[in-house]
$ cat final-v4.cif   # mmCIF, C-alpha atoms
data_target
loop_
_atom_site.label_atom_id
_atom_site.label_comp_id
_atom_site.auth_asym_id
_atom_site.auth_seq_id
_atom_site.Cartn_x
_atom_site.Cartn_y
_atom_site.Cartn_z
CA MET Q 1 69.32 -107.80 148.98
CA SER Q 2 69.66 -105.03 151.55
CA VAL Q 3 67.48 -105.38 154.63
CA ARG Q 4 67.40 -102.40 156.97
CA THR Q 5 67.70 -103.02 160.70
CA GLN Q 6 69.42 -99.90 161.98
CA SER Q 7 68.91 -96.18 161.87
CA SER Q 8 70.04 -93.96 159.02
CA GLU Q 9 71.86 -90.79 160.10
CA GLN Q 10 70.50 -87.44 158.96
CA PRO Q 11 73.09 -84.89 157.73
CA ALA Q 12 73.31 -81.75 159.89
CA ASP Q 13 72.17 -79.40 157.12
CA ALA Q 14 69.21 -81.56 156.05
CA VAL Q 15 66.55 -79.87 153.90
CA HIS Q 16 62.86 -80.00 154.80
CA ARG Q 17 60.79 -82.61 152.97
CA ALA Q 18 57.04 -83.15 152.81
CA GLY Q 19 55.06 -85.68 150.87
CA PHE Q 20 52.63 -88.57 150.73
CA ALA Q 21 53.23 -92.28 151.27
CA CYS Q 22 50.68 -95.06 151.26
CA PHE Q 23 50.65 -98.57 152.64
CA VAL Q 24 49.22 -101.28 150.44
CA GLY Q 25 48.73 -104.96 151.03
CA ARG Q 26 46.02 -107.52 151.16
CA PRO Q 27 43.32 -107.10 153.79
CA ASN Q 28 44.58 -107.55 157.35
CA ALA Q 29 48.28 -107.13 156.50
CA GLY Q 30 48.74 -104.63 159.34
CA LYS Q 31 48.46 -101.36 157.39
CA SER Q 32 46.18 -99.48 159.80
CA THR Q 33 48.11 -100.59 162.89
CA LEU Q 34 51.31 -99.37 161.24
CA THR Q 35 49.73 -95.99 160.38
CA ASN Q 36 48.63 -95.56 164.01
CA ALA Q 37 52.08 -96.56 165.33
CA LEU Q 38 53.87 -94.05 163.07
CA VAL Q 39 51.50 -91.20 163.93
CA GLY Q 40 51.62 -92.17 167.61
CA GLN Q 41 47.85 -92.03 168.00
CA LYS Q 42 44.81 -93.84 166.71
CA VAL Q 43 43.76 -92.34 163.37
CA ALA Q 44 42.90 -95.52 161.46
CA ILE Q 45 40.34 -98.12 162.48
CA THR Q 46 41.95 -101.49 163.24
CA SER Q 47 40.26 -104.84 163.65
CA ASN Q 48 41.27 -108.40 163.13
CA ARG Q 49 38.50 -108.60 160.57
CA PRO Q 50 39.84 -108.20 157.04
CA GLN Q 51 38.46 -105.31 154.93
CA THR Q 52 37.90 -102.87 157.77
CA THR Q 53 39.27 -99.69 156.24
CA ARG Q 54 36.95 -97.98 153.79
CA HIS Q 55 38.04 -94.36 153.89
CA THR Q 56 41.41 -93.04 152.87
CA VAL Q 57 42.59 -92.03 156.33
CA ARG Q 58 45.59 -89.75 156.30
CA GLY Q 59 47.88 -89.89 159.29
CA ILE Q 60 50.43 -87.11 159.61
CA VAL Q 61 53.92 -87.70 161.03
CA HIS Q 62 55.67 -84.48 162.12
CA ARG Q 63 59.48 -84.32 162.27
CA GLU Q 64 61.75 -81.28 162.54
CA ASP Q 65 63.09 -81.88 159.05
CA ALA Q 66 60.03 -83.44 157.42
CA GLN Q 67 56.34 -84.08 157.30
CA LEU Q 68 55.16 -87.49 156.19
CA ILE Q 69 51.50 -87.84 155.26
CA LEU Q 70 50.33 -91.43 155.35
CA VAL Q 71 47.43 -92.44 153.16
CA ASP Q 72 45.75 -95.60 154.38
CA THR Q 73 43.92 -97.43 151.60
CA PRO Q 74 41.50 -100.35 151.79
CA GLY Q 75 43.10 -103.75 151.12
CA LEU Q 76 43.15 -104.51 147.40
CA HIS Q 77 41.25 -107.72 146.69
CA LYS Q 78 39.31 -109.50 143.93
CA PRO Q 79 35.97 -107.67 144.19
CA ARG Q 80 32.68 -109.56 144.60
CA THR Q 81 30.38 -106.56 145.02
CA LEU Q 82 30.04 -103.03 143.67
CA LEU Q 83 31.45 -101.82 147.01
CA GLY Q 84 34.50 -104.03 146.42
CA GLU Q 85 35.02 -102.53 142.95
CA ARG Q 86 34.73 -98.97 144.31
CA LEU Q 87 37.28 -99.75 147.04
CA ASN Q 88 39.75 -101.11 144.47
CA ASP Q 89 39.34 -97.95 142.36
CA VAL Q 90 40.18 -95.87 145.44
CA VAL Q 91 43.38 -97.88 145.93
CA ARG Q 92 44.61 -97.52 142.33
CA THR Q 93 43.89 -93.78 142.24
CA THR Q 94 45.85 -93.34 145.47
CA TRP Q 95 48.87 -95.28 144.19
CA ALA Q 96 49.15 -93.00 141.19
CA GLU Q 97 49.27 -89.86 143.37
CA VAL Q 98 51.71 -90.66 146.20
CA ASP Q 99 55.49 -90.13 146.47
CA ALA Q 100 56.26 -93.61 147.85
CA ILE Q 101 54.46 -96.91 148.37
CA GLY Q 102 54.98 -99.29 151.30
CA PHE Q 103 53.93 -102.86 150.42
CA CYS Q 104 52.95 -104.66 153.66
CA ILE Q 105 53.40 -108.43 153.85
CA PRO Q 106 52.81 -110.19 157.19
CA ALA Q 107 55.79 -112.16 158.53
CA ASP Q 108 53.59 -114.98 159.84
CA GLN Q 109 51.94 -115.96 156.54
CA LYS Q 110 53.48 -117.37 153.37
CA ILE Q 111 53.29 -115.10 150.32
CA GLY Q 112 50.01 -116.05 148.66
CA PRO Q 113 47.90 -115.27 145.58
CA GLY Q 114 46.56 -112.07 147.22
CA ASP Q 115 50.10 -110.71 147.67
CA ARG Q 116 51.05 -111.65 144.10
CA PHE Q 117 47.91 -109.98 142.73
CA ILE Q 118 48.95 -106.70 144.42
CA ALA Q 119 52.66 -107.05 143.55
CA LYS Q 120 51.74 -107.47 139.85
CA GLU Q 121 49.69 -104.26 140.01
CA LEU Q 122 52.62 -102.50 141.72
CA ALA Q 123 55.02 -103.69 139.02
CA GLY Q 124 52.94 -101.67 136.53
CA ILE Q 125 53.54 -98.44 138.49
CA LYS Q 126 57.05 -97.66 137.33
CA LYS Q 127 57.98 -94.24 138.69
CA THR Q 128 56.89 -94.46 142.34
CA PRO Q 129 59.57 -95.85 144.73
CA LYS Q 130 58.43 -98.93 146.66
CA ILE Q 131 59.51 -100.19 150.08
CA ALA Q 132 58.70 -103.78 151.07
CA ILE Q 133 57.57 -103.88 154.71
CA VAL Q 134 57.46 -107.25 156.44
CA THR Q 135 54.92 -106.64 159.25
CA LYS Q 136 53.99 -108.51 162.45
CA THR Q 137 57.59 -109.65 163.06
CA ASP Q 138 56.78 -110.18 166.76
CA LEU Q 139 54.76 -113.25 165.74
CA VAL Q 140 57.67 -115.26 164.26
CA ASP Q 141 61.18 -116.44 165.17
CA GLY Q 142 64.39 -115.28 163.45
CA LYS Q 143 64.52 -118.21 161.01
CA ALA Q 144 60.95 -117.70 159.74
CA LEU Q 145 61.58 -113.96 159.42
CA ALA Q 146 64.76 -114.52 157.38
CA GLU Q 147 62.84 -116.88 155.05
CA GLN Q 148 60.08 -114.29 154.57
CA LEU Q 149 62.60 -111.51 153.79
CA ILE Q 150 64.24 -113.72 151.14
CA ALA Q 151 60.80 -114.60 149.69
CA VAL Q 152 59.91 -110.89 149.43
CA ASP Q 153 63.21 -110.16 147.70
CA GLN Q 154 62.58 -113.00 145.21
CA LEU Q 155 59.01 -111.80 144.55
CA GLY Q 156 60.43 -108.41 143.53
CA ARG Q 157 63.02 -109.97 141.21
CA GLU Q 158 60.41 -112.24 139.62
CA LEU Q 159 58.07 -109.35 138.78
CA GLY Q 160 60.74 -106.75 137.96
CA ILE Q 161 60.14 -104.60 141.05
CA THR Q 162 63.24 -102.94 142.52
CA TRP Q 163 62.53 -102.46 146.23
CA ALA Q 164 64.03 -99.18 147.48
CA GLU Q 165 64.32 -100.96 150.84
CA ILE Q 166 63.15 -104.15 152.54
CA ILE Q 167 62.40 -103.61 156.22
CA PRO Q 168 60.99 -105.88 158.96
CA VAL Q 169 58.76 -104.09 161.51
CA SER Q 170 56.39 -104.80 164.38
CA ALA Q 171 53.89 -102.02 164.98
CA THR Q 172 52.46 -103.63 168.12
CA ALA Q 173 55.92 -104.17 169.69
CA ASN Q 174 57.09 -100.79 168.29
CA GLN Q 175 60.15 -102.35 166.62
CA GLN Q 176 61.74 -100.43 163.73
CA VAL Q 177 58.71 -98.14 163.32
CA GLY Q 178 60.94 -95.04 163.63
CA LEU Q 179 63.40 -96.52 161.15
CA LEU Q 180 60.58 -96.99 158.63
CA ALA Q 181 59.83 -93.25 158.86
CA ASP Q 182 63.59 -92.54 158.44
CA LEU Q 183 63.57 -94.57 155.21
CA LEU Q 184 60.36 -93.05 153.80
CA ILE Q 185 61.33 -89.41 154.40
CA PRO Q 186 64.26 -89.25 151.91
CA LEU Q 187 61.80 -90.43 149.20
CA MET Q 188 59.62 -87.33 149.77
CA PRO Q 189 60.08 -84.16 147.69
CA GLU Q 190 61.72 -81.09 149.23
CA GLY Q 191 59.20 -78.52 150.42
CA PRO Q 192 57.48 -76.85 153.37
CA ALA Q 193 55.05 -78.60 155.73
CA LEU Q 194 51.63 -79.23 154.15
CA TYR Q 195 49.63 -79.39 157.40
CA PRO Q 196 49.80 -77.32 160.61
CA GLU Q 197 51.94 -78.63 163.48
CA GLY Q 198 49.78 -80.76 165.76
CA ASP Q 199 47.35 -82.00 163.09
CA LEU Q 200 47.36 -85.80 163.06
CA THR Q 201 44.85 -86.39 160.27
CA ASP Q 202 42.84 -84.41 157.72
CA GLU Q 203 39.88 -86.77 158.06
CA PRO Q 204 36.73 -84.84 159.04
CA GLU Q 205 35.78 -85.47 162.68
CA GLN Q 206 32.38 -86.82 161.67
CA VAL Q 207 34.00 -89.52 159.52
CA MET Q 208 36.39 -90.51 162.31
CA VAL Q 209 33.54 -90.71 164.82
CA ALA Q 210 31.59 -92.95 162.42
CA GLU Q 211 34.65 -95.18 162.02
CA LEU Q 212 35.08 -95.54 165.80
CA ILE Q 213 31.41 -96.56 166.15
CA ARG Q 214 31.80 -99.05 163.30
CA GLU Q 215 34.92 -100.52 164.86
CA ALA Q 216 33.11 -101.04 168.17
CA ALA Q 217 30.12 -102.57 166.35
CA LEU Q 218 32.36 -105.02 164.45
CA GLU Q 219 34.09 -106.15 167.66
CA GLY Q 220 31.10 -108.08 168.93
CA VAL Q 221 29.86 -109.61 165.68
CA ARG Q 222 33.09 -111.09 164.31
CA ASP Q 223 31.72 -114.04 162.42
CA GLU Q 224 28.12 -113.13 161.79
CA LEU Q 225 28.50 -109.82 159.92
CA PRO Q 226 32.01 -109.52 158.53
CA HIS Q 227 31.47 -106.12 156.95
CA SER Q 228 27.82 -105.44 156.29
CA ILE Q 229 27.79 -102.56 158.77
CA ALA Q 230 27.98 -98.94 157.64
CA VAL Q 231 27.71 -96.03 160.05
CA VAL Q 232 26.49 -92.53 159.23
CA VAL Q 233 26.73 -89.72 161.79
CA GLU Q 234 23.55 -87.73 161.19
CA GLU Q 235 24.50 -84.81 163.44
CA MET Q 236 27.03 -83.62 165.99
CA LEU Q 237 25.84 -80.59 167.96
CA PRO Q 238 26.93 -79.01 171.27
CA ARG Q 239 23.99 -79.25 173.70
CA GLU Q 240 22.44 -75.84 174.34
CA ASP Q 241 22.04 -74.30 177.81
CA ARG Q 242 25.15 -76.02 179.22
CA PRO Q 243 27.58 -74.08 181.46
CA ALA Q 244 30.88 -73.30 179.67
CA ASP Q 245 32.86 -75.56 182.01
CA LYS Q 246 30.52 -78.54 181.43
CA PRO Q 247 29.98 -78.85 177.68
CA LEU Q 248 28.22 -81.87 176.19
CA LEU Q 249 28.26 -82.93 172.55
CA ASP Q 250 25.15 -84.71 171.23
CA ILE Q 251 25.97 -87.25 168.52
CA HIS Q 252 23.19 -89.02 166.62
CA ALA Q 253 24.32 -91.91 164.43
CA ASN Q 254 22.70 -94.70 162.43
CA LEU Q 255 24.17 -98.16 161.97
CA PHE Q 256 23.03 -99.58 158.64
CA ILE Q 257 22.85 -103.32 157.99
CA GLU Q 258 21.73 -105.14 154.86
CA ARG Q 259 18.90 -107.41 156.09
CA PRO Q 260 16.23 -107.26 158.81
CA SER Q 261 17.54 -110.58 160.22
CA GLN Q 262 20.86 -108.85 161.08
CA LYS Q 263 19.15 -106.27 163.29
CA GLY Q 264 18.88 -108.62 166.27
CA ILE Q 265 22.56 -109.57 165.93
CA VAL Q 266 23.71 -105.95 166.21
CA ILE Q 267 21.23 -104.99 168.96
CA GLY Q 268 21.79 -108.20 170.98
CA PRO Q 269 19.57 -109.74 173.67
CA LYS Q 270 17.66 -106.97 175.50
CA GLY Q 271 19.74 -104.38 173.60
CA LYS Q 272 22.92 -105.36 175.44
CA ARG Q 273 25.23 -105.48 172.42
CA LEU Q 274 24.20 -102.07 171.08
CA LYS Q 275 24.62 -100.65 174.59
CA ASP Q 276 28.17 -102.09 174.73
CA VAL Q 277 28.93 -100.56 171.33
CA GLY Q 278 27.75 -97.20 172.68
CA ILE Q 279 29.86 -97.40 175.85
CA LYS Q 280 33.00 -98.55 174.04
CA SER Q 281 32.84 -96.08 171.14
CA ARG Q 282 31.84 -93.17 173.41
CA LYS Q 283 35.10 -93.57 175.39
CA GLN Q 284 37.13 -93.49 172.17
CA ILE Q 285 35.16 -90.54 170.75
CA GLU Q 286 35.61 -88.54 173.97
CA ALA Q 287 39.35 -89.23 173.87
CA LEU Q 288 39.47 -88.15 170.20
CA LEU Q 289 37.42 -84.95 170.59
CA GLY Q 290 38.42 -84.08 174.17
CA THR Q 291 34.85 -83.40 175.27
CA PRO Q 292 32.05 -85.35 177.03
CA VAL Q 293 29.64 -86.94 174.58
CA PHE Q 294 26.02 -88.13 174.60
CA LEU Q 295 25.78 -90.84 171.95
CA ASP Q 296 22.45 -91.82 170.44
CA LEU Q 297 22.63 -94.96 168.22
CA HIS Q 298 19.94 -96.48 166.00
CA VAL Q 299 20.09 -99.60 163.83
CA LYS Q 300 18.45 -99.36 160.40
CA VAL Q 301 18.14 -101.65 157.38
CA ALA Q 302 19.48 -100.48 154.00
CA LYS Q 303 18.70 -103.48 151.82
CA ASP Q 304 21.78 -104.98 150.09
CA TRP Q 305 23.61 -101.65 150.33
CA GLN Q 306 26.96 -103.12 149.23
CA ARG Q 307 25.51 -103.81 145.76
CA ASP Q 308 23.31 -100.76 145.25
CA PRO Q 309 24.93 -97.63 143.70
CA LYS Q 310 22.26 -95.29 145.14
CA GLN Q 311 22.70 -96.61 148.69
CA LEU Q 312 26.50 -96.60 148.38
CA ARG Q 313 26.37 -92.92 147.49
CA ARG Q 314 24.09 -92.18 150.44
CA LEU Q 315 26.43 -94.01 152.82
CA GLY Q 316 29.42 -92.05 151.55
CA PHE Q 317 31.14 -94.46 149.15
#
$ encode --input "final-v4.cif" --output "structure tokens"
Amino acid sequence: MSVRTQSSEQPADAVHRAGFACFVGRPNAGKSTLTNALVGQKVAITSNRPQTTRHTVRGIVHREDAQLILVDTPGLHKPRTLLGERLNDVVRTTWAEVDAIGFCIPADQKIGPGDRFIAKELAGIKKTPKIAIVTKTDLVDGKALAEQLIAVDQLGRELGITWAEIIPVSATANQQVGLLADLLIPLMPEGPALYPEGDLTDEPEQVMVAELIREAALEGVRDELPHSIAVVVEEMLPREDRPADKPLLDIHANLFIERPSQKGIVIGPKGKRLKDVGIKSRKQIEALLGTPVFLDLHVKVAKDWQRDPKQLRRLGF
């Protein structure tokens, strides 16, 4: 078993490579945090609620000799709703189209049925190289980490997966994140850059704004509404009659929940919670877009949207 803990040297006459890699793993395995750490900026929504990512967010890592496009997929899981089935389809389609797969397994949790379920699926994808990434290493001591690395190696042998590499990383402590990029890049095909220098994601701004609002909305309602919130940005328009040096962007967005009883939870006593969501997400949106924003939020009921194909389509799934 070879575990990587130091940098790989690039030859002086290195060719340029560009390609797609995706991180897979059960919900809450640290995929989005890792994407953000590699890109160096927030492009994927993170939350300590499982099942937060719903869109395939692409983060773009620019290097002199390479461009690495990271596709962030939802966590694969046994689906209980139509939304769950759609999310799983997104994951499988993505796996078939990328140049390398990073399988994220948290260092602080024993390998469980969810990890095995994904590893079995991965074993069926023969041609794509796979790197095993043990995440959240800052949460464990050296002994526990060594045990997890051995367990990951054994899981591969058991299922007939040959890991191209096994690498321990901590995205929050920024340990070995650069090395992970060094290991992914040689697996990419030779070719020119696919995105302009400076682009960090190809996600439309409206989708990213909706994700930031949803992240802020989930913060406050951890246990009551795990993921029955969808956000749709209805419009984003520069306010007219503003002087050029004082622009203002008007954003109107709806937060959809599944039942009328959830409305009060999201709005909070005297509207305090919704106000907090507005303040928090507005800061993030202004940082993302680089312009002052007026944010208008409304909470609406879309009955049982996670199970209704028509509603799912309307909400962008």
$ closest_residue --input "final-v4.cif" --among "Q:Arg92, Q:Pro189, Q:Ile161, Q:Leu289" --to "Met208 (chain Q)" --atoms "all atoms listed in the file"
Q:Leu289
$ resolve_selection --input "final-v4.cif" --expression "the PyMOL selection byres ((chain Q and resi 194) around 12)" --output "JSON, numbers by chain"
{"Q": [16, 17, 18, 19, 20, 60, 61, 62, 66, 67, 68, 69, 189, 190, 191, 192, 193, 195, 196, 197, 198, 199, 200, 201, 202]}
$ atom_distance --input "final-v4.cif" --atom1 "CA of Arg116 (chain Q)" --atom2 "CA of Leu155 (chain Q)"
8.0 Å
$ resolve_selection --input "final-v4.cif" --expression "the PyMOL selection byres ((chain Q and resi 294) around 6)" --output "list in words"
Asp250, Val293 and Leu295 of chain Q
$ write_last_selection --input "final-v4.cif" --atoms "C-alpha atoms" --output "mmCIF file, in the coordinates of the input"
data_model
loop_
_atom_site.group_PDB
_atom_site.id
_atom_site.type_symbol
_atom_site.label_atom_id
_atom_site.label_comp_id
_atom_site.auth_asym_id
_atom_site.auth_seq_id
_atom_site.Cartn_x
_atom_site.Cartn_y
_atom_site.Cartn_z
ATOM 1 C CA ASP Q 250 25.150 -84.710 171.230
ATOM 2 C CA VAL Q 293 29.640 -86.940 174.580
ATOM 3 C CA LEU Q 295 25.780 -90.840 171.950
#
$ resolve_selection --input "final-v4.cif" --expression "the PyMOL selection byres ((chain Q and resi 255-269) around 9)" --output "PDB file with C-alpha atoms, keeping the file's coordinate frame"
ATOM      1  CA  ILE Q 213      31.410 -96.560 166.150  1.00  0.00           C
ATOM      2  CA  ARG Q 214      31.800 -99.050 163.300  1.00  0.00           C
ATOM      3  CA  ALA Q 217      30.120-102.570 166.350  1.00  0.00           C
ATOM      4  CA  LEU Q 218      32.360-105.020 164.450  1.00  0.00           C
ATOM      5  CA  GLY Q 220      31.100-108.080 168.930  1.00  0.00           C
ATOM      6  CA  VAL Q 221      29.860-109.610 165.680  1.00  0.00           C
ATOM      7  CA  GLU Q 224      28.120-113.130 161.790  1.00  0.00           C
ATOM      8  CA  LEU Q 225      28.500-109.820 159.920  1.00  0.00           C
ATOM      9  CA  SER Q 228      27.820-105.440 156.290  1.00  0.00           C
ATOM     10  CA  ILE Q 229      27.790-102.560 158.770  1.00  0.00           C
ATOM     11  CA  ALA Q 230      27.980 -98.940 157.640  1.00  0.00           C
ATOM     12  CA  VAL Q 231      27.710 -96.030 160.050  1.00  0.00           C
ATOM     13  CA  VAL Q 232      26.490 -92.530 159.230  1.00  0.00           C
ATOM     14  CA  VAL Q 233      26.730 -89.720 161.790  1.00  0.00           C
ATOM     15  CA  ALA Q 253      24.320 -91.910 164.430  1.00  0.00           C
ATOM     16  CA  ASN Q 254      22.700 -94.700 162.430  1.00  0.00           C
ATOM     17  CA  LYS Q 270      17.660-106.970 175.500  1.00  0.00           C
ATOM     18  CA  GLY Q 271      19.740-104.380 173.600  1.00  0.00           C
ATOM     19  CA  LYS Q 272      22.920-105.360 175.440  1.00  0.00           C
ATOM     20  CA  ARG Q 273      25.230-105.480 172.420  1.00  0.00           C
ATOM     21  CA  LEU Q 274      24.200-102.070 171.080  1.00  0.00           C
ATOM     22  CA  LYS Q 275      24.620-100.650 174.590  1.00  0.00           C
ATOM     23  CA  LEU Q 297      22.630 -94.960 168.220  1.00  0.00           C
ATOM     24  CA  HIS Q 298      19.940 -96.480 166.000  1.00  0.00           C
ATOM     25  CA  VAL Q 299      20.090 -99.600 163.830  1.00  0.00           C
ATOM     26  CA  LYS Q 300      18.450 -99.360 160.400  1.00  0.00           C
ATOM     27  CA  VAL Q 301      18.140-101.650 157.380  1.00  0.00           C
ATOM     28  CA  ALA Q 302      19.480-100.480 154.000  1.00  0.00           C
ATOM     29  CA  LYS Q 303      18.700-103.480 151.820  1.00  0.00           C
ATOM     30  CA  ASP Q 304      21.780-104.980 150.090  1.00  0.00           C
ATOM     31  CA  TRP Q 305      23.610-101.650 150.330  1.00  0.00           C
ATOM     32  CA  GLN Q 306      26.960-103.120 149.230  1.00  0.00           C
ATOM     33  CA  LEU Q 315      26.430 -94.010 152.820  1.00  0.00           C
TER      34      LEU Q 315
END
$ residues_around --input "final-v4.cif" --residues "region 166-173 of chain Q" --least-positions-apart "5" --cutoff "6 Å" --atoms "only C-alpha atoms" --output "JSON, numbers by chain"
{"Q": [3, 4, 34, 37, 131, 132, 133, 134, 135, 136, 137, 138]}
$ closest_residue --input "final-v4.cif" --among "Q:Val140, Q:Leu187, Q:Ile101, Q:Val277" --to "Ala119 (chain Q)" --atoms "all atoms listed in the file"
Q:Ile101
$ residues_around --input "final-v4.cif" --residues "Thr162 (chain Q)" --least-positions-apart "3" --cutoff "10 Å" --atoms "all atoms listed in the file" --output "number ranges by chain"
Q: 123, 126, 129-132, 153, 156-157, 159, 165
$ closest_residue --input "final-v4.cif" --among "Q:Glu121, Q:Ala151, Q:Val98, Q:Leu87" --to "Cys22 (chain Q)" --atoms "only C-alpha atoms"
Q:Val98
$ atom_distance --input "final-v4.cif" --atom1 "CA of Asn28 (chain Q)" --atom2 "CA of Thr94 (chain Q)"
18.6 Å
$ closest_residue --input "final-v4.cif" --among "Q:Ser32, Q:Leu122, Q:Asn174, Q:Lys110" --to "Val152 (chain Q)" --atoms "only C-alpha atoms"
Q:Lys110
$ atom_distance --input "final-v4.cif" --atom1 "CA of Thr128 (chain Q)" --atom2 "CA of Asp99 (chain Q)"
6.1 Å
$ closest_residue --input "final-v4.cif" --among "Q:Ser281, Q:Pro27, Q:Asp296, Q:Met188" --to "Glu234 (chain Q)" --atoms "only C-alpha atoms"
Q:Asp296
$ closest_residue --input "final-v4.cif" --among "Q:Gly124, Q:Pro186, Q:Pro243, Q:Gly114" --to "Trp95 (chain Q)" --atoms "all atoms listed in the file"
Q:Gly124
$ axis_aligned_box --input "final-v4.cif" --around "region 159-177 of chain Q" --padding-each-side "8 Å" --output "lines of an AutoDock Vina configuration file"
center_x = 58.4
center_y = -103.7
center_z = 153.8
size_x = 27.9
size_y = 27.2
size_z = 47.7
$ build_atoms --input "final-v4.cif" --residues "region 104-110 of chain Q" --atoms "all heavy atoms" --output "mmCIF file, keeping the file's coordinate frame"
data_model
loop_
_atom_site.group_PDB
_atom_site.id
_atom_site.type_symbol
_atom_site.label_atom_id
_atom_site.label_comp_id
_atom_site.auth_asym_id
_atom_site.auth_seq_id
_atom_site.Cartn_x
_atom_site.Cartn_y
_atom_site.Cartn_z
ATOM 1 N N CYS Q 104 52.936 -103.916 152.385
ATOM 2 C CA CYS Q 104 52.950 -104.660 153.660
ATOM 3 C C CYS Q 104 52.659 -106.147 153.437
ATOM 4 O O CYS Q 104 51.635 -106.509 152.848
ATOM 5 C CB CYS Q 104 51.893 -104.089 154.594
ATOM 6 S SG CYS Q 104 52.220 -102.383 155.073
ATOM 7 N N ILE Q 105 53.562 -106.974 153.942
ATOM 8 C CA ILE Q 105 53.400 -108.430 153.850
ATOM 9 C C ILE Q 105 53.628 -108.988 155.262
ATOM 10 O O ILE Q 105 54.691 -108.777 155.849
ATOM 11 C CB ILE Q 105 54.436 -109.041 152.881
ATOM 12 C CG1 ILE Q 105 54.262 -108.425 151.489
ATOM 13 C CG2 ILE Q 105 54.309 -110.554 152.811
ATOM 14 C CD1 ILE Q 105 55.410 -108.678 150.553
ATOM 15 N N PRO Q 106 52.641 -109.684 155.823
ATOM 16 C CA PRO Q 106 52.810 -110.190 157.190
ATOM 17 C C PRO Q 106 53.908 -111.256 157.264
ATOM 18 O O PRO Q 106 54.031 -112.092 156.364
ATOM 19 C CB PRO Q 106 51.448 -110.810 157.531
ATOM 20 C CG PRO Q 106 50.516 -110.416 156.443
ATOM 21 C CD PRO Q 106 51.328 -110.022 155.246
ATOM 22 N N ALA Q 107 54.680 -111.210 158.357
ATOM 23 C CA ALA Q 107 55.790 -112.160 158.530
ATOM 24 C C ALA Q 107 55.284 -113.569 158.818
ATOM 25 O O ALA Q 107 55.958 -114.560 158.524
ATOM 26 C CB ALA Q 107 56.673 -111.696 159.696
ATOM 27 N N ASP Q 108 54.061 -113.659 159.365
ATOM 28 C CA ASP Q 108 53.590 -114.980 159.840
ATOM 29 C C ASP Q 108 52.762 -115.740 158.813
ATOM 30 O O ASP Q 108 52.170 -116.757 159.129
ATOM 31 C CB ASP Q 108 52.776 -114.792 161.129
ATOM 32 C CG ASP Q 108 51.512 -113.964 160.903
ATOM 33 O OD1 ASP Q 108 51.523 -113.098 159.996
ATOM 34 O OD2 ASP Q 108 50.522 -114.186 161.613
ATOM 35 N N GLN Q 109 52.699 -115.227 157.570
ATOM 36 C CA GLN Q 109 51.940 -115.960 156.540
ATOM 37 C C GLN Q 109 52.757 -116.031 155.266
ATOM 38 O O GLN Q 109 53.349 -115.042 154.852
ATOM 39 C CB GLN Q 109 50.626 -115.221 156.250
ATOM 40 C CG GLN Q 109 49.653 -115.234 157.411
ATOM 41 C CD GLN Q 109 48.588 -114.161 157.245
ATOM 42 O OE1 GLN Q 109 48.134 -113.883 156.143
ATOM 43 N NE2 GLN Q 109 48.205 -113.526 158.344
ATOM 44 N N LYS Q 110 52.748 -117.201 154.640
ATOM 45 C CA LYS Q 110 53.480 -117.370 153.370
ATOM 46 C C LYS Q 110 52.909 -116.407 152.333
ATOM 47 O O LYS Q 110 51.731 -116.078 152.357
ATOM 48 C CB LYS Q 110 53.331 -118.803 152.865
ATOM 49 C CG LYS Q 110 54.039 -119.838 153.735
ATOM 50 C CD LYS Q 110 55.164 -120.497 152.953
ATOM 51 C CE LYS Q 110 55.865 -121.573 153.740
ATOM 52 N NZ LYS Q 110 56.704 -121.085 154.840
#
